[in-house]
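Dumped start32.txt below, it's compact mmCIF, C-alpha atoms:
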```txt
# COMPACT_ATOMS: atom_id res chain seq x y z
CA MET A 820 0.00 0.00 0.00
CA LYS A 821 1.28 3.45 -0.98
CA ARG A 822 0.76 6.47 1.26
CA ILE A 823 0.18 9.86 -0.36
CA LEU A 824 0.14 13.15 1.53
CA ILE A 825 -1.63 16.21 0.04
CA VAL A 826 -0.48 19.51 1.56
CA ASP A 827 -2.53 22.56 0.54
CA ASP A 828 -4.44 25.20 2.49
CA SER A 829 -7.12 25.25 -0.21
CA GLU A 830 -9.86 22.74 0.56
CA LEU A 831 -10.93 22.89 -3.09
CA MET A 832 -7.49 21.89 -4.35
CA CYS A 833 -7.28 19.10 -1.78
CA GLU A 834 -10.56 17.69 -3.04
CA VAL A 835 -9.56 18.06 -6.70
CA ILE A 836 -6.27 16.23 -6.10
CA LYS A 837 -7.88 13.56 -3.95
CA GLY A 838 -10.54 13.02 -6.62
CA ALA A 839 -7.89 12.61 -9.31
CA LEU A 840 -6.04 10.02 -7.25
CA ARG A 841 -9.15 7.82 -7.20
CA GLY A 842 -8.24 6.94 -10.78
CA LEU A 843 -5.16 5.01 -9.64
CA GLU A 844 -5.38 1.24 -9.92
CA GLU A 845 -2.85 0.85 -7.10
CA ASP A 846 -3.77 0.34 -3.45
CA ILE A 847 -3.27 3.76 -1.82
CA VAL A 848 -4.22 5.69 1.28
CA VAL A 849 -4.46 9.48 1.06
CA PHE A 850 -3.73 11.90 3.92
CA ILE A 851 -4.63 15.58 3.78
CA ALA A 852 -2.83 18.39 5.59
CA THR A 853 -4.20 21.93 5.34
CA ASN A 854 -0.95 23.46 6.60
CA PRO A 855 2.73 22.43 6.86
CA LEU A 856 2.60 21.80 10.63
CA ILE A 857 -0.08 19.16 10.15
CA ALA A 858 1.95 17.75 7.26
CA ILE A 859 5.06 17.39 9.42
CA ARG A 860 3.06 15.65 12.15
CA LYS A 861 1.46 13.19 9.72
CA ALA A 862 4.80 12.54 8.00
CA GLY A 863 6.22 11.62 11.41
CA LEU A 864 3.37 9.22 12.14
CA PHE A 865 3.12 7.53 8.75
CA ASN A 866 5.65 6.34 6.19
CA ILE A 867 4.78 8.73 3.34
CA ASP A 868 5.70 7.53 -0.15
CA LEU A 869 4.66 10.67 -2.03
CA ALA A 870 3.87 14.23 -0.93
CA LEU A 871 2.05 16.69 -3.20
CA ILE A 872 2.69 20.13 -1.78
CA ASP A 873 1.71 23.74 -2.46
CA TYR A 874 4.10 26.67 -2.02
CA GLU A 875 2.20 29.49 -0.34
CA MET A 876 0.81 28.19 2.95
CA PRO A 877 0.50 29.35 6.58
CA TYR A 878 3.45 28.98 8.99
CA MET A 879 6.03 28.06 6.32
CA ASN A 880 6.29 27.81 2.56
CA GLY A 881 6.64 24.68 0.46
CA LEU A 882 10.40 25.04 0.03
CA LEU A 883 10.98 24.88 3.78
CA LEU A 884 8.55 21.99 4.07
CA ILE A 885 10.61 19.95 1.59
CA GLY A 886 13.53 20.04 4.03
CA TYR A 887 11.42 18.84 6.96
CA LEU A 888 9.81 16.02 4.95
CA LYS A 889 13.18 14.85 3.61
CA GLU A 890 14.63 14.91 7.12
CA ILE A 891 11.79 12.75 8.42
CA ASN A 892 12.04 10.31 5.51
CA PRO A 893 14.66 10.80 2.76
CA LEU A 894 12.79 8.30 0.57
CA THR A 895 9.61 10.39 0.40
CA LYS A 896 9.10 11.59 -3.16
CA ILE A 897 7.84 15.16 -3.49
CA VAL A 898 5.89 16.83 -6.29
CA MET A 899 5.31 20.60 -6.19
CA VAL A 900 1.90 21.92 -7.20
CA SER A 901 3.12 25.10 -8.88
CA ALA A 902 1.65 28.38 -10.09
CA TYR A 903 1.82 29.10 -13.83
CA THR A 904 3.81 32.31 -13.39
CA GLU A 905 7.44 33.43 -13.65
CA PRO A 906 7.77 33.71 -9.83
CA GLY A 907 6.15 30.28 -9.65
CA ALA A 908 8.77 28.99 -12.09
CA GLN A 909 11.65 30.32 -9.97
CA ILE A 910 10.18 28.68 -6.88
CA THR A 911 9.63 25.40 -8.71
CA LEU A 912 13.22 25.25 -9.95
CA GLU A 913 14.45 25.86 -6.41
CA ALA A 914 12.14 23.09 -5.18
CA LEU A 915 13.61 20.68 -7.75
CA ALA A 916 17.11 21.62 -6.59
CA ARG A 917 16.11 20.91 -2.99
CA GLY A 918 14.83 17.42 -3.73
CA ALA A 919 11.38 17.60 -5.34
CA ILE A 920 11.12 14.97 -8.04
CA ASP A 921 8.68 16.84 -10.28
CA TYR A 922 6.02 19.52 -10.44
CA ILE A 923 2.55 20.03 -11.85
CA LEU A 924 0.92 23.33 -12.74
CA LYS A 925 -2.15 24.41 -10.79
CA PRO A 926 -5.27 24.95 -12.88
CA SER A 927 -6.08 28.65 -13.15
CA ASN A 928 -9.79 28.06 -13.84
CA LYS A 929 -12.40 25.28 -13.75
CA GLU A 930 -11.92 24.53 -17.47
CA GLU A 931 -8.37 23.37 -16.71
CA PHE A 932 -9.33 20.96 -13.92
CA GLU A 933 -9.75 17.91 -16.16
CA GLY A 934 -6.37 18.40 -17.82
CA PHE A 935 -4.80 18.91 -14.41
CA LYS A 936 -6.33 15.69 -13.08
CA LYS A 937 -5.15 13.69 -16.10
CA GLU A 938 -1.59 14.97 -15.86
CA LEU A 939 -1.47 14.47 -12.10
CA LEU A 940 -2.75 10.93 -12.40
CA GLU A 941 -0.16 10.07 -15.05
CA LYS A 942 2.76 11.51 -13.06
CA VAL A 943 1.72 9.90 -9.77
CA ARG A 944 1.27 6.53 -11.46
CA TRP A 945 4.79 6.68 -12.90
CA ILE A 946 6.34 7.85 -9.65
CA LEU A 947 4.65 5.23 -7.48
CA THR A 948 4.90 2.20 -9.75
CA GLY A 949 8.07 2.76 -11.77
CA ARG A 950 6.42 0.78 -14.57
CA GLU A 951 8.88 1.97 -17.17
CA PHE A 952 11.73 0.47 -15.13
CA SER A 953 10.57 -3.10 -15.57
CA ARG A 954 10.06 -3.62 -19.31
CA LYS A 955 12.57 -5.38 -21.59
CA LYS A 956 15.44 -5.28 -19.14
CA SER A 957 17.36 -8.02 -20.88
CA LYS A 958 18.24 -6.00 -23.99
CA ILE A 959 19.36 -3.00 -21.95
CA GLU A 960 21.55 -5.10 -19.68
CA LYS A 961 22.94 -6.91 -22.73
CA ASP A 962 24.17 -3.59 -24.16
CA ARG A 963 25.90 -2.51 -20.94
CA PRO A 964 29.20 -4.49 -21.16
CA LYS A 965 30.06 -2.90 -24.54
CA VAL A 966 29.56 0.58 -23.08
CA LEU A 967 31.70 -0.20 -20.06
CA SER A 968 34.60 -1.09 -22.32
CA TYR A 969 34.43 2.41 -23.76
CA LEU A 970 34.41 3.91 -20.27
CA GLU A 971 37.55 2.03 -19.27
CA GLY A 972 39.31 3.88 -22.06
CA LEU A 973 37.99 7.17 -20.73
CA LYS A 974 39.22 6.46 -17.21
CA ALA A 975 42.64 5.45 -18.46
CA GLY A 976 42.92 8.60 -20.58
CA THR A 977 43.71 6.55 -23.70
CA PRO A 978 42.43 7.33 -27.23
CA ASN A 979 38.77 6.49 -27.18
CA TYR A 980 36.09 5.90 -29.79
CA LEU A 981 33.49 8.07 -28.04
CA VAL A 982 35.94 10.92 -27.48
CA ASP A 983 37.01 10.84 -31.12
CA LYS A 984 33.41 11.04 -32.31
CA LEU A 985 32.59 13.82 -29.87
CA ARG A 986 35.53 15.88 -31.12
CA GLU A 987 34.00 15.81 -34.61
CA SER A 988 30.80 17.40 -33.28
CA LYS A 989 29.84 20.96 -34.17
CA VAL A 990 26.83 20.84 -31.84
CA ILE A 991 25.44 18.86 -28.90
CA ALA A 992 21.67 18.34 -28.64
CA ILE A 993 20.17 17.29 -25.30
CA GLY A 994 16.61 16.04 -24.78
CA ILE A 995 15.44 15.82 -21.18
CA SER A 996 12.26 15.91 -19.09
CA THR A 997 11.28 14.77 -15.59
CA GLY A 998 14.14 15.34 -13.17
CA GLY A 999 16.00 17.39 -15.76
CA PRO A 1000 16.83 20.77 -14.19
CA PRO A 1001 19.12 19.44 -11.42
CA VAL A 1002 20.86 17.21 -13.96
CA LEU A 1003 21.45 20.14 -16.31
CA GLU A 1004 22.77 22.18 -13.37
CA LYS A 1005 25.25 19.42 -12.55
CA ILE A 1006 26.45 19.08 -16.13
CA PHE A 1007 26.86 22.77 -16.90
CA THR A 1008 28.50 23.68 -13.59
CA ASN A 1009 31.06 20.91 -14.07
CA LEU A 1010 32.03 21.55 -17.68
CA LYS A 1011 35.57 22.76 -18.16
CA LYS A 1012 35.89 26.54 -18.61
CA ASP A 1013 37.01 26.39 -22.23
CA PHE A 1014 34.26 24.03 -23.41
CA SER A 1015 33.26 25.54 -26.75
CA ILE A 1016 30.80 23.23 -28.53
CA PRO A 1017 27.34 24.89 -28.63
CA ILE A 1018 24.64 22.99 -26.73
CA LEU A 1019 20.93 22.95 -27.63
CA VAL A 1020 18.56 21.75 -24.91
CA VAL A 1021 14.94 20.69 -25.05
CA GLN A 1022 13.65 20.48 -21.48
CA HIS A 1023 9.93 19.76 -21.29
CA MET A 1024 8.59 22.89 -19.56
CA PRO A 1025 5.98 25.62 -20.11
CA PRO A 1026 6.99 29.10 -21.37
CA ALA A 1027 7.64 31.01 -18.13
CA PHE A 1028 9.62 28.06 -16.78
CA THR A 1029 12.16 27.80 -19.62
CA LYS A 1030 13.15 31.44 -19.29
CA ALA A 1031 13.59 31.01 -15.54
CA LEU A 1032 15.58 27.81 -16.16
CA ALA A 1033 17.95 29.55 -18.57
CA GLU A 1034 18.51 32.41 -16.11
CA ARG A 1035 19.17 30.01 -13.24
CA LEU A 1036 21.60 27.87 -15.25
CA CYS A 1037 23.42 30.99 -16.43
CA LYS A 1038 23.84 32.23 -12.86
CA LEU A 1039 24.92 28.89 -11.40
CA SER A 1040 27.29 27.82 -14.18
CA GLN A 1041 28.74 31.24 -15.00
CA ARG A 1042 28.26 30.36 -18.66
CA GLN A 1043 26.29 31.97 -21.44
CA VAL A 1044 22.96 30.19 -21.12
CA LYS A 1045 19.92 31.74 -22.80
CA GLU A 1046 16.43 30.98 -24.02
CA ALA A 1047 16.56 30.30 -27.76
CA GLU A 1048 15.41 33.01 -30.17
CA ASP A 1049 14.16 32.53 -33.71
CA GLY A 1050 16.74 33.21 -36.39
CA GLU A 1051 19.77 33.69 -34.15
CA LYS A 1052 23.11 32.32 -35.25
CA ILE A 1053 24.40 29.37 -33.23
CA GLU A 1054 27.61 30.49 -31.55
CA ASN A 1055 30.40 28.44 -29.98
CA GLY A 1056 30.32 28.22 -26.18
CA VAL A 1057 26.65 29.18 -25.88
CA ILE A 1058 23.96 26.97 -24.33
CA TYR A 1059 20.48 27.46 -25.81
CA ILE A 1060 17.33 26.39 -23.92
CA ALA A 1061 14.27 25.67 -26.07
CA LYS A 1062 11.39 28.04 -25.34
CA GLY A 1063 8.37 26.44 -23.70
CA GLY A 1064 5.37 26.07 -26.00
CA VAL A 1065 7.51 26.30 -29.18
CA HIS A 1066 9.49 23.62 -31.04
CA LEU A 1067 13.23 24.20 -31.48
CA ALA A 1068 14.94 23.31 -34.77
CA VAL A 1069 18.07 24.29 -36.69
CA GLU A 1070 18.86 25.16 -40.29
CA LYS A 1071 22.00 25.85 -42.32
CA ILE A 1072 22.27 28.94 -44.51
CA LEU A 1073 25.43 29.76 -46.48
CA GLY A 1074 27.53 27.54 -44.25
CA LYS A 1075 26.24 29.00 -40.97
CA TYR A 1076 23.83 27.37 -38.51
CA TYR A 1077 20.77 29.17 -37.14
CA LEU A 1078 17.98 28.43 -34.66
CA ARG A 1079 14.38 28.20 -35.78
CA LEU A 1080 11.36 28.34 -33.47
CA LEU A 1081 8.35 26.48 -34.90
CA GLU A 1082 5.23 27.96 -33.31
CA ASN A 1083 2.64 26.57 -35.72
CA VAL A 1084 3.68 22.92 -35.51
CA GLU A 1085 1.48 20.73 -33.32
CA LYS A 1086 2.71 18.88 -30.25
CA VAL A 1087 4.84 15.80 -30.87
CA ASN A 1088 4.56 12.95 -28.37
CA SER A 1089 2.34 15.31 -26.33
CA HIS A 1090 5.21 17.82 -26.00
CA LYS A 1091 6.02 21.26 -27.33
CA PRO A 1092 8.98 21.68 -27.47
CA SER A 1093 9.72 18.13 -28.53
CA CYS A 1094 13.07 16.36 -28.34
CA ASP A 1095 12.20 14.50 -31.56
CA ILE A 1096 11.87 17.77 -33.50
CA LEU A 1097 15.28 18.99 -32.32
CA PHE A 1098 17.10 15.68 -32.86
CA SER A 1099 15.57 15.19 -36.32
CA SER A 1100 16.53 18.71 -37.35
CA VAL A 1101 20.09 18.26 -36.09
CA ALA A 1102 20.32 14.96 -37.99
CA GLU A 1103 19.25 16.70 -41.20
CA TRP A 1104 21.58 19.70 -41.02
CA TYR A 1105 24.62 18.50 -39.04
CA GLY A 1106 24.73 14.84 -40.09
CA LYS A 1107 27.64 13.00 -38.48
CA ASN A 1108 29.07 16.21 -36.98
CA ALA A 1109 26.80 16.17 -33.95
CA THR A 1110 26.17 14.49 -30.61
CA GLY A 1111 22.71 13.67 -29.27
CA ILE A 1112 22.07 12.92 -25.59
CA ILE A 1113 18.71 11.69 -24.30
CA MET A 1114 18.22 11.90 -20.56
CA THR A 1115 15.79 11.37 -17.68
CA GLY A 1116 12.10 11.68 -18.50
CA MET A 1117 8.76 9.97 -18.90
CA GLY A 1118 7.47 8.64 -22.19
CA CYS A 1119 9.11 8.16 -25.58
CA ASP A 1120 9.92 11.65 -26.85
CA GLY A 1121 13.31 11.84 -28.52
CA ALA A 1122 13.84 8.16 -29.33
CA ASN A 1123 12.96 8.42 -33.03
CA GLY A 1124 14.92 11.62 -33.53
CA LEU A 1125 17.95 10.17 -31.79
CA LEU A 1126 17.77 7.15 -34.09
CA GLU A 1127 17.78 9.54 -37.07
CA MET A 1128 20.93 11.14 -35.68
CA LYS A 1129 22.60 7.75 -35.24
CA ASN A 1130 21.69 6.74 -38.79
CA GLN A 1131 23.39 9.90 -40.05
CA GLY A 1132 26.58 8.95 -38.21
CA ALA A 1133 26.23 11.21 -35.17
CA LEU A 1134 27.30 10.12 -31.70
CA THR A 1135 24.23 9.18 -29.64
CA ILE A 1136 24.12 8.69 -25.87
CA ALA A 1137 21.39 7.63 -23.44
CA GLN A 1138 21.52 8.33 -19.72
CA SER A 1139 21.86 5.21 -17.58
CA LYS A 1140 18.97 3.82 -15.57
CA GLU A 1141 20.85 4.21 -12.29
CA SER A 1142 21.31 7.97 -12.74
CA CYS A 1143 17.82 8.75 -14.09
CA VAL A 1144 14.96 10.07 -12.00
CA VAL A 1145 12.65 8.39 -14.53
CA PHE A 1146 14.12 5.85 -16.94
CA GLY A 1147 11.50 6.33 -19.65
CA MET A 1148 12.84 8.32 -22.59
CA PRO A 1149 16.35 6.75 -22.42
CA ARG A 1150 14.86 3.26 -22.11
CA VAL A 1151 12.79 3.66 -25.27
CA ALA A 1152 15.79 5.06 -27.15
CA ILE A 1153 17.94 2.08 -26.07
CA GLU A 1154 15.26 -0.41 -27.09
CA LYS A 1155 15.01 1.21 -30.55
CA GLY A 1156 18.77 0.86 -30.97
CA ALA A 1157 19.17 4.64 -31.08
CA ALA A 1158 21.82 4.91 -28.34
CA GLU A 1159 25.43 4.17 -29.18
CA ALA A 1160 26.44 4.44 -25.52
CA VAL A 1161 24.68 4.33 -22.15
CA LEU A 1162 26.36 6.58 -19.59
CA SER A 1163 25.63 7.97 -16.14
CA THR A 1164 25.52 11.73 -15.57
CA ASP A 1165 29.05 11.68 -14.17
CA GLU A 1166 30.29 9.66 -17.14
CA ILE A 1167 28.68 12.12 -19.56
CA ILE A 1168 30.43 15.02 -17.81
CA ARG A 1169 33.75 13.17 -17.94
CA LEU A 1170 33.30 12.47 -21.64
CA LEU A 1171 32.44 16.09 -22.46
CA ASN A 1172 35.47 17.32 -20.59
CA GLU A 1173 37.73 15.06 -22.68
CA VAL A 1174 37.14 17.26 -25.74
```

Before we go any further, please render this structure as structure tokens.
Amino acid sequence: MKRILIVDDSELMCEVIKGALRGLEEDIVVFIATNPLIAIRKAGLFNIDLALIDYEMPYMNGLLLIGYLKEINPLTKIVMVSAYTEPGAQITLEALARGAIDYILKPSNKEEFEGFKKELLEKVRWILTGREFSRKKSKIEKDRPKVLSYLEGLKAGTPNYLVDKLRESKVIAIGISTGGPPVLEKIFTNLKKDFSIPILVVQHMPPAFTKALAERLCKLSQRQVKEAEDGEKIENGVIYIAKGGVHLAVEKILGKYYLRLLENVEKVNSHKPSCDILFSSVAEWYGKNATGIIMTGMGCDGANGLLEMKNQGALTIAQSKESCVVFGMPRVAIEKGAAEAVLSTDEIIRLLNEV
């Protein structure tokens, strides 16, 4: 039996969330706390598997509550119920850095309640069951020994196949979703100072959140990190974050590479921006002179585009199961044969710093 704790001072939101959770097939018990003090008491009495918490509440805010809940039980997974605003985005990114596993946007009106319930139900089901972790393990594990042989070369500092391919790259494309912001923080803050290959990132997030993410990554990494703009030239040493609600693609004009924002293209794999759109575009215009990395996230977005990149001769990497918050997107990519290597976050950083 899984224990879920809802923490919100709005009785309406508590009822909406509780109602959505009735759609779970799993055996659960739901506790409600209308303020953080009640939440702390209930977390001390019961072994909470998942806490869904608001930010603005009496006595203390949601960020402080994360610390108390993690102190009581480090294994408690936390999802922030966030406001769809730029301040809400900043708070959410800080919550993810402090240990929240994911977030969901609060509905701003009654018309959005059904969409909110559907998204909440999907995320809670994944978090509680880990269903994506259990399918087709044999093929993934079969591929692991080959990857480890590459890593031994990295550790020894000897000429290495992956390093050689990476050095041919004129761009690195990263597709990432659930659990992504802290991973991106770790990668960009640990890159060597003279790392010059431009990086394009699709992180599944709404518009206000991607701008806040770019600003946070810029501040923490002391690198040039910015939200992508339509038509801008891709420059060495710059990290571009795809704008929420708009697909990110590239094109080549007179030997130079430029960013394109595709506003009128529908969602792909339920996402906009989509990792598939970016990877496919990079495959078309960069060919073998590119690296694609697919990382933690739910679903299948990015797998087909990464396979296109591999077929064009690009280096393709999937994040390892052990280092993923959710081993969904990388798993699908591995099963499709799209990933040339499977590496942990630390191994990816080490590889990038070999260039």

Q: Tell me, as an MDAnalysis selection string, which residues lie within 7 Å of A:Trp1104, counting only C-alpha atoms; anything in the same chain fewer than 3 positions away does not count.
A: chainID A and resid 1070:1071 1100:1101

Could the residues in this selection be written to a file with C-alpha atoms, as a tab-separated table (two decimals), keeping the file's coordinate frame?
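Written file, selection.tsv:
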```tsv
chain	number	residue	atom	x	y	z
A	1070	GLU	CA	18.86	25.16	-40.29
A	1071	LYS	CA	22.00	25.85	-42.32
A	1100	SER	CA	16.53	18.71	-37.35
A	1101	VAL	CA	20.09	18.26	-36.09
```

Q: List the neighbours of A:Glu845 out to 10 Å using all atoms listed in the file; skip same-chain residues closer than 4 positions along the sequence, and give me the result as a PyMOL selection string.
A: chain A and resi 820-821+840-841+944+947-948

**Q.** Atomic separation - atom CA of A:Asn866 relative to atom CA of A:Glu830, Å
**A.** 23.3 Å

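If you measure from each of A:Leu1036, A:Met876, A:Leu883, A:Leu843 to A:Ile823 using all atoms listed in the file, the closest one turns out to be A:Leu843.
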
Q | Nearest to A:Leu1097 by atom-to-atom distance, counting only C-alpha atoms, from A:Leu1010, A:Val1145, A:Val990, A:Ile847 | A | A:Val990

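Using only C-alpha atoms, the nearest neighbour of A:Ile1060 within the list A:Ile1136, A:Leu981, A:Leu1080, A:Cys1143 is A:Leu1080.
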